[in-house]
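Chemist: So that we are looking at the same thing, I have put the structure below in structure tokens.
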Amino acid sequence: MQETTKDLSSTITEAYHHNWVIKLTLSRSQAVTGMVNTSPSHGVFYLTHNGDIERFELDELNDVTVIEKNWWKI
């Protein structure tokens with residue numbers, strides 16, 4: 001079930017504030033795992049993954065999953 005934009009934004013904002021590792025499920029049937037660099041602003045945010053920073057829009061997401069909240073303890 002697709003989350004609402006407000007739910008997605010809330011999860012991404014919380015992940016940004018707590019440095020969680022998240023997985024984005026994109027509407028184009030792809031998934032990206034990384035850490036959020038910016039809180040969503042005007043539907044746009046940045047995520048670090050594979051050593052790069054990439055821009056994403058909330059409209060292109062189907063889901064956001066928290067992968068690890070305490071990655072530094074692993």
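Chain identifiers are assigned as A, B, and so on, following the order in which chains appear in the structure tokens; residues are numbered from 1 within each chain, and ligands are numbered from 1 in order of appearance.
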Determine which residues of chain A receive a DSSP assignment of strand (DSSP E), computed from the backbone, and state them as an MDAnalysis selection string.

Modeler: chainID A and resid 21:26 31:36 44:49 52:57 61:68

Chemist: With N, CA, C and O atoms kept, could you save the residues just selected as a compact mmCIF listing (two decimals), in the first residue's frame?

Modeler:
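The new file out27.txt reads:
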# COMPACT_ATOMS: atom_id res chain seq x y z
N VAL A 21 19.50 4.83 8.55
CA VAL A 21 19.65 4.31 7.19
C VAL A 21 18.24 3.92 6.72
O VAL A 21 17.52 3.24 7.42
N ILE A 22 17.87 4.40 5.53
CA ILE A 22 16.54 4.11 5.00
C ILE A 22 16.63 3.51 3.60
O ILE A 22 17.65 3.63 2.93
N LYS A 23 15.55 2.88 3.19
CA LYS A 23 15.42 2.38 1.82
C LYS A 23 14.23 3.08 1.19
O LYS A 23 13.14 3.07 1.74
N LEU A 24 14.46 3.68 0.04
CA LEU A 24 13.40 4.32 -0.73
C LEU A 24 12.93 3.34 -1.79
O LEU A 24 13.75 2.76 -2.50
N THR A 25 11.65 3.13 -1.89
CA THR A 25 11.09 2.36 -2.99
C THR A 25 10.49 3.37 -3.96
O THR A 25 9.56 4.09 -3.61
N LEU A 26 11.08 3.43 -5.14
CA LEU A 26 10.69 4.44 -6.12
C LEU A 26 9.56 3.94 -6.99
O LEU A 26 9.39 2.74 -7.21
N ALA A 31 14.81 0.49 -5.96
CA ALA A 31 15.00 0.76 -4.54
C ALA A 31 16.39 1.33 -4.34
O ALA A 31 17.34 0.92 -5.00
N VAL A 32 16.50 2.29 -3.43
CA VAL A 32 17.76 2.94 -3.11
C VAL A 32 17.89 2.98 -1.60
O VAL A 32 16.95 3.37 -0.91
N THR A 33 19.06 2.58 -1.08
CA THR A 33 19.31 2.59 0.35
C THR A 33 20.40 3.61 0.65
O THR A 33 21.39 3.69 -0.06
N GLY A 34 20.19 4.40 1.72
CA GLY A 34 21.20 5.38 2.09
C GLY A 34 20.77 6.19 3.30
O GLY A 34 19.88 5.79 4.05
N MET A 35 21.45 7.33 3.49
CA MET A 35 21.15 8.23 4.60
C MET A 35 20.72 9.58 4.06
O MET A 35 21.30 10.09 3.10
N VAL A 36 19.72 10.17 4.68
CA VAL A 36 19.15 11.44 4.25
C VAL A 36 20.10 12.58 4.60
O VAL A 36 20.60 12.66 5.71
N VAL A 44 11.30 17.99 -2.00
CA VAL A 44 12.61 17.56 -2.50
C VAL A 44 13.54 17.30 -1.31
O VAL A 44 13.51 18.03 -0.32
N PHE A 45 14.37 16.25 -1.42
CA PHE A 45 15.38 15.98 -0.40
C PHE A 45 16.56 15.29 -1.07
O PHE A 45 16.49 14.88 -2.23
N TYR A 46 17.67 15.18 -0.34
CA TYR A 46 18.88 14.57 -0.87
C TYR A 46 19.27 13.38 -0.01
O TYR A 46 19.13 13.41 1.21
N LEU A 47 19.77 12.33 -0.66
CA LEU A 47 20.13 11.08 0.01
C LEU A 47 21.53 10.68 -0.42
O LEU A 47 21.86 10.75 -1.62
N THR A 48 22.38 10.27 0.54
CA THR A 48 23.70 9.74 0.22
C THR A 48 23.59 8.24 0.06
O THR A 48 23.07 7.56 0.94
N HIS A 49 24.05 7.74 -1.08
CA HIS A 49 24.10 6.29 -1.31
C HIS A 49 25.17 6.01 -2.35
O HIS A 49 25.45 6.83 -3.22
N ASP A 52 27.66 8.77 -3.37
CA ASP A 52 27.18 9.98 -4.05
C ASP A 52 25.97 10.55 -3.33
O ASP A 52 25.29 9.85 -2.58
N ILE A 53 25.69 11.80 -3.60
CA ILE A 53 24.48 12.45 -3.08
C ILE A 53 23.53 12.62 -4.26
O ILE A 53 23.92 13.15 -5.30
N GLU A 54 22.31 12.13 -4.08
CA GLU A 54 21.33 12.20 -5.17
C GLU A 54 20.07 12.91 -4.70
O GLU A 54 19.66 12.78 -3.56
N ARG A 55 19.47 13.66 -5.60
CA ARG A 55 18.24 14.41 -5.34
C ARG A 55 17.04 13.51 -5.62
O ARG A 55 16.99 12.82 -6.64
N PHE A 56 16.06 13.54 -4.70
CA PHE A 56 14.83 12.79 -4.89
C PHE A 56 13.63 13.70 -4.62
O PHE A 56 13.75 14.67 -3.88
N GLU A 57 12.52 13.37 -5.22
CA GLU A 57 11.28 14.09 -4.98
C GLU A 57 10.28 13.14 -4.32
O GLU A 57 10.23 11.95 -4.66
N LEU A 61 8.25 8.57 -4.94
CA LEU A 61 8.37 7.48 -3.98
C LEU A 61 7.07 6.72 -3.77
O LEU A 61 6.00 7.31 -3.75
N ASN A 62 7.20 5.42 -3.60
CA ASN A 62 6.07 4.59 -3.19
C ASN A 62 6.13 4.28 -1.71
O ASN A 62 5.10 4.08 -1.07
N ASP A 63 7.36 4.18 -1.17
CA ASP A 63 7.51 3.75 0.22
C ASP A 63 8.87 4.18 0.75
O ASP A 63 9.82 4.34 -0.02
N VAL A 64 8.95 4.34 2.06
CA VAL A 64 10.21 4.57 2.76
C VAL A 64 10.26 3.59 3.92
O VAL A 64 9.33 3.51 4.71
N THR A 65 11.34 2.84 4.00
CA THR A 65 11.51 1.85 5.05
C THR A 65 12.76 2.17 5.85
O THR A 65 13.83 2.39 5.26
N VAL A 66 12.64 2.20 7.17
CA VAL A 66 13.81 2.39 8.02
C VAL A 66 14.54 1.05 8.08
O VAL A 66 13.98 0.05 8.52
N ILE A 67 15.78 1.03 7.63
CA ILE A 67 16.58 -0.19 7.61
C ILE A 67 17.33 -0.37 8.93
O ILE A 67 17.36 -1.45 9.48
N GLU A 68 17.94 0.70 9.42
CA GLU A 68 18.72 0.61 10.64
C GLU A 68 18.73 1.95 11.36
O GLU A 68 19.12 2.95 10.80

Chemist: Would you mind listing, for every residue of range 16-46 of chain A within 8 Å of range 69-72 of chain A, the two atoms forming the shortest contact and the distance between them in Å to one decimal, using only C-alpha atoms, sorted by chain and ascending residue number, as a tab-separated table?

Modeler:
residue	atom	partner	partner_atom	distance
A:His18	CA	A:Lys69	CA	7.6
A:Asn19	CA	A:Lys69	CA	7.3
A:Trp20	CA	A:Lys69	CA	4.6
A:Val21	CA	A:Lys69	CA	6.5

Chemist: Quick one: residues within 10 Å of Ser9 in chain A, only C-alpha atoms, excluding same-chain residues fewer than 2 positions away - as a list of chain:residue names?

Modeler: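 Within the cut-off, the hits are A:Glu3, A:Thr4, A:Thr5, A:Lys6, A:Asp7, A:Thr11, A:Ile12, A:Thr13, A:Glu14, A:Ala15, A:Ser39, A:Pro40, A:Ser41, A:Gly43, A:Val44, A:Phe45, A:Glu57, A:Leu58, A:Val64.
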
Chemist: Could you please write out, as a ChimeraX atom specification, every residue of chain A that DSSP assigns to helix (DSSP H, G or I)?

Modeler: /A:5-18,58-60,71-73
